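To keep things clear, I will list the structure first and then write my remarks on it.
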Number of protein chains: 2
Amino acid sequence: MSLKHAILVLLETEPGSGYDLLKRFKERLGYFWNASHQQIYLQLKNMNQAGLLQCEQQPQVGKPDRKVYKITHSGHEALLEWIESPAKVSRVNDALLVKMYAGHLVDKHIILQEILQHKKVHQAMLNTFLTLEEKYLNMEAQEKAGYALPFLTLRKGILGEQAWLDWAVEVEVFLT
Amino acid sequence: MSLKHAILVLLETEPGSGYDLLKRFKERLGYFWNASHQQIYLQLKNMNQAGLLQCEQQPQVGKPDRKVYKITHSGHEALLEWIESPAKVSRVNDALLVKMYAGHLVDKHIILQEILQHKKVHQAMLNTFLTLEEKYLNMEAQEKAGYALPFLTLRKGILGEQAWLDWAVEVEVFLT
DNA sequence: CTCTCCATGTAACTGGTTACATGATTGG
DNA sequence: CCAATCATGTAACCAGTTACATGGAGAG
């Protein structure tokens with residue numbers, strides 16, 4: 001299970017609350033890791049209990065306390081251990097392809113419409129990634145160096161989305 | 001969710017036992033849908049109870065009964081309804097990219113080794129897909145027509161794996 | 001005044017994995 | 001003889017989603 005480790009990664013550089021983490025997930029790991037706020041709050045509680053994080057409560061007026069979590073030494077150790085041990089090849093379960101496979105059962109326009117809807121989402125993601133890429137490429141050498149690995153994950157996103165869109169073209173050609 | 005629907009797809013053309021389905025998953029939906037035998041047996045039981053499938057028990061000597069499941073009318077309806085209603089864009093949770101993102105915490109050879117391991121698996125998958133593609137391309141026009149949609153899902157696999165391997169090259173260039 | 005964002009959480013449920021369990025047959 | 005494959009399942013656990021719940025602040 002890796003939500004735990006993803007949280008450790010995001011807290012490794014700076015402490016943050018559950019909500020902060022939610023935002024960081026969207027900004028930084030958005031393409032390859034998703035987490036809902038419910039999952040995050042629960043995980044933080046568990047990880048705090050397990051001693052991977054420590055929590056500082058900041059009282060707020062008219063709001064629930066702001067709980068800022070910080071990685072502990074034990075948390076840092078756990079993170080390194082995880083990075084160093086091999087990960088399984090992640091296998092997808094893609095419902096769209098199951099539909100595609102059985103598409104002969106319905107009118108082909110239904111499948112085509114579905115593809116076009118998904119295409120919009122993938123095109124939008126690609127655009128976001130390309131904007132981020134440009135930002136990176138315009139950085140000064142020094143700043144660039146610090147973002148090299150995140151940039152490689154961005155490249156994964158770009159190549160993945162481009163492949164998706166190339167595939168969509170093949171599908172459209174066949175279905176129209 | 002969709003394991004249910006994937007099973008309906010696989011039983012739509014011909015009945016089969018849990019073990020038959022396990023094999024069909026591997027052969028036909030392998031790239032985009034994974035299911036363990038435990039999941040399948042459980043689902044079949046539930047779907048039988050829900051009236052989507054009917055089960056015929058074939059007694060066997062020295063073995064548990066062979067339970068052959070067949071899609072019912074209600075199951076067929078459920079399948080069509082599912083295909084016709086929009087699917088969410090599937091979002092990946094890829095632990096390898098989380099590691100990559102935080103790769104600065106460890107020696108870069110650790111990340112490189114991990115990439116090389118994963119690359120082997122992706123290369124093997126691509127080879128399998130390319131073999132299947134060739135098989136399809138050598139079919140006669142008539143037979144080809146019947147496999148057009150499954151062929152498109154195969155194309156997705158091919159484009160996806162090629163993109164993965166292209167990305168791996170970029171990673172290797174950076175890490176060596 | 002309503003909508004969106006900020007900010008936090010609990011509870012029930014569904015989906016999926018890991019571990020356990022059994023035993024025959026086939027191929028090297 | 002040993003490993004793999006055939007063939008079936010249960011139980012405990014872990015991960016993730018959906019629904020529910022609350023309430024302030026700022027924008028239009």
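Simple scheme: letters A, B, ... for chains in structure tokens order, numbers from 1 for residues in each chain, numbers from 1 for ligands in the order shown.
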
For this session: Excluding Leu152 in chain A and any residue of its chain fewer than 2 positions from it, enumerate the residues within 10 Å of it, using only C-alpha atoms (C1' of nucleotides), and give them as number ranges by chain.
Result: A: 133, 147-150, 154-158; B: 97, 100-101, 167-168, 170-171, 174

For this session: Would you give me, as a ChimeraX atom specification, the residues of chain D that come within 9 Å of chain B, using only C-alpha atoms (C1' of nucleotides)?
Result: /D:6-9

Would you export the selected residues with N, CA and C atoms (P, O5', C5', C4', C3', O3' and C1' of nucleotides) as a PDB file, in the first residue's frame, please?
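Heads up, here's the output in selection-v6.pdb:
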```pdb
ATOM      1  P    DC D   6      -3.607 -25.028 -16.826  1.00  0.00           P
ATOM      2  O5'  DC D   6      -4.527 -26.084 -16.067  1.00  0.00           O
ATOM      3  C5'  DC D   6      -4.663 -27.410 -16.578  1.00  0.00           C
ATOM      4  C4'  DC D   6      -5.544 -28.213 -15.630  1.00  0.00           C
ATOM      5  C3'  DC D   6      -6.920 -27.575 -15.385  1.00  0.00           C
ATOM      6  O3'  DC D   6      -7.924 -28.577 -15.494  1.00  0.00           O
ATOM      7  C1'  DC D   6      -5.848 -28.004 -13.337  1.00  0.00           C
ATOM      8  P    DA D   7      -9.396 -28.222 -15.783  1.00  0.00           P
ATOM      9  O5'  DA D   7      -9.846 -27.594 -14.393  1.00  0.00           O
ATOM     10  C5'  DA D   7     -10.266 -28.488 -13.359  1.00  0.00           C
ATOM     11  C4'  DA D   7     -10.522 -27.746 -12.082  1.00  0.00           C
ATOM     12  C3'  DA D   7     -11.095 -26.327 -12.126  1.00  0.00           C
ATOM     13  O3'  DA D   7     -12.517 -26.374 -12.121  1.00  0.00           O
ATOM     14  C1'  DA D   7      -9.642 -26.747 -10.249  1.00  0.00           C
ATOM     15  P    DT D   8     -13.383 -25.061 -11.791  1.00  0.00           P
ATOM     16  O5'  DT D   8     -13.349 -24.976 -10.201  1.00  0.00           O
ATOM     17  C5'  DT D   8     -13.914 -26.042  -9.435  1.00  0.00           C
ATOM     18  C4'  DT D   8     -13.665 -25.832  -7.959  1.00  0.00           C
ATOM     19  C3'  DT D   8     -14.251 -24.563  -7.369  1.00  0.00           C
ATOM     20  O3'  DT D   8     -15.562 -24.766  -6.897  1.00  0.00           O
ATOM     21  C1'  DT D   8     -12.110 -25.141  -6.428  1.00  0.00           C
ATOM     22  P    DG D   9     -16.551 -23.556  -6.751  1.00  0.00           P
ATOM     23  O5'  DG D   9     -15.857 -22.688  -5.613  1.00  0.00           O
ATOM     24  C5'  DG D   9     -16.297 -22.966  -4.336  1.00  0.00           C
ATOM     25  C4'  DG D   9     -15.195 -22.842  -3.307  1.00  0.00           C
ATOM     26  C3'  DG D   9     -15.306 -21.584  -2.467  1.00  0.00           C
ATOM     27  O3'  DG D   9     -16.396 -21.719  -1.577  1.00  0.00           O
ATOM     28  C1'  DG D   9     -13.075 -22.426  -2.666  1.00  0.00           C
TER      29       DG D   9
END
```

For this session: Residues of chain A no more than 6 Å from chain B, counting only C-alpha atoms: send them over as a PyMOL selection string.
Result: chain A and resi 32-33+83+92-94+99+101+149-150+159+163

Problem set entry | For DG27 in chain C: contacts at 10 Å, only C-alpha atoms (C1' of nucleotides), fewer than 3 positions along chain excluded, given as a ChimeraX atom specification | /D:3-5

For DA21 in chain D, list every protein, DNA or RNA residue within 12 Å, evaluated using only C-alpha atoms (C1' of nucleotides), and leave out those in the same chain fewer than 6 positions away; present the list as a PDB file with N, CA and C atoms (P, O5', C5', C4', C3', O3' and C1' of nucleotides), in the first residue's frame.
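Final output, saved to around07.pdb:
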```pdb
ATOM      1  P    DT C   8      -7.441  21.144   7.704  1.00  0.00           P
ATOM      2  O5'  DT C   8      -8.650  20.292   8.311  1.00  0.00           O
ATOM      3  C5'  DT C   8      -9.173  20.658   9.594  1.00  0.00           C
ATOM      4  C4'  DT C   8     -10.375  19.817   9.934  1.00  0.00           C
ATOM      5  C3'  DT C   8     -10.134  18.326   9.953  1.00  0.00           C
ATOM      6  O3'  DT C   8      -9.757  17.873  11.237  1.00  0.00           O
ATOM      7  C1'  DT C   8     -12.278  18.914   9.054  1.00  0.00           C
ATOM      8  P    DG C   9      -9.007  16.518  11.427  1.00  0.00           P
ATOM      9  O5'  DG C   9     -10.082  15.450  10.902  1.00  0.00           O
ATOM     10  C5'  DG C   9     -10.850  14.922  11.892  1.00  0.00           C
ATOM     11  C4'  DG C   9     -12.269  14.625  11.418  1.00  0.00           C
ATOM     12  C3'  DG C   9     -12.528  13.147  11.212  1.00  0.00           C
ATOM     13  O3'  DG C   9     -12.599  12.515  12.477  1.00  0.00           O
ATOM     14  C1'  DG C   9     -13.901  14.584   9.866  1.00  0.00           C
ATOM     15  P    DT C  10     -12.650  10.947  12.566  1.00  0.00           P
ATOM     16  O5'  DT C  10     -14.200  10.647  12.257  1.00  0.00           O
ATOM     17  C5'  DT C  10     -15.232  11.188  13.082  1.00  0.00           C
ATOM     18  C4'  DT C  10     -16.547  10.536  12.673  1.00  0.00           C
ATOM     19  C3'  DT C  10     -16.511   9.012  12.735  1.00  0.00           C
ATOM     20  O3'  DT C  10     -17.752   8.609  13.299  1.00  0.00           O
ATOM     21  C1'  DT C  10     -17.054   9.695  10.532  1.00  0.00           C
ATOM     22  P    DA C  11     -18.025   7.074  13.633  1.00  0.00           P
ATOM     23  O5'  DA C  11     -18.766   6.571  12.306  1.00  0.00           O
ATOM     24  C5'  DA C  11     -19.901   7.275  11.802  1.00  0.00           C
ATOM     25  C4'  DA C  11     -20.589   6.411  10.761  1.00  0.00           C
ATOM     26  C3'  DA C  11     -20.402   4.906  10.959  1.00  0.00           C
ATOM     27  O3'  DA C  11     -21.639   4.289  10.639  1.00  0.00           O
ATOM     28  C1'  DA C  11     -19.529   5.540   8.848  1.00  0.00           C
TER      29       DA C  11
END
```
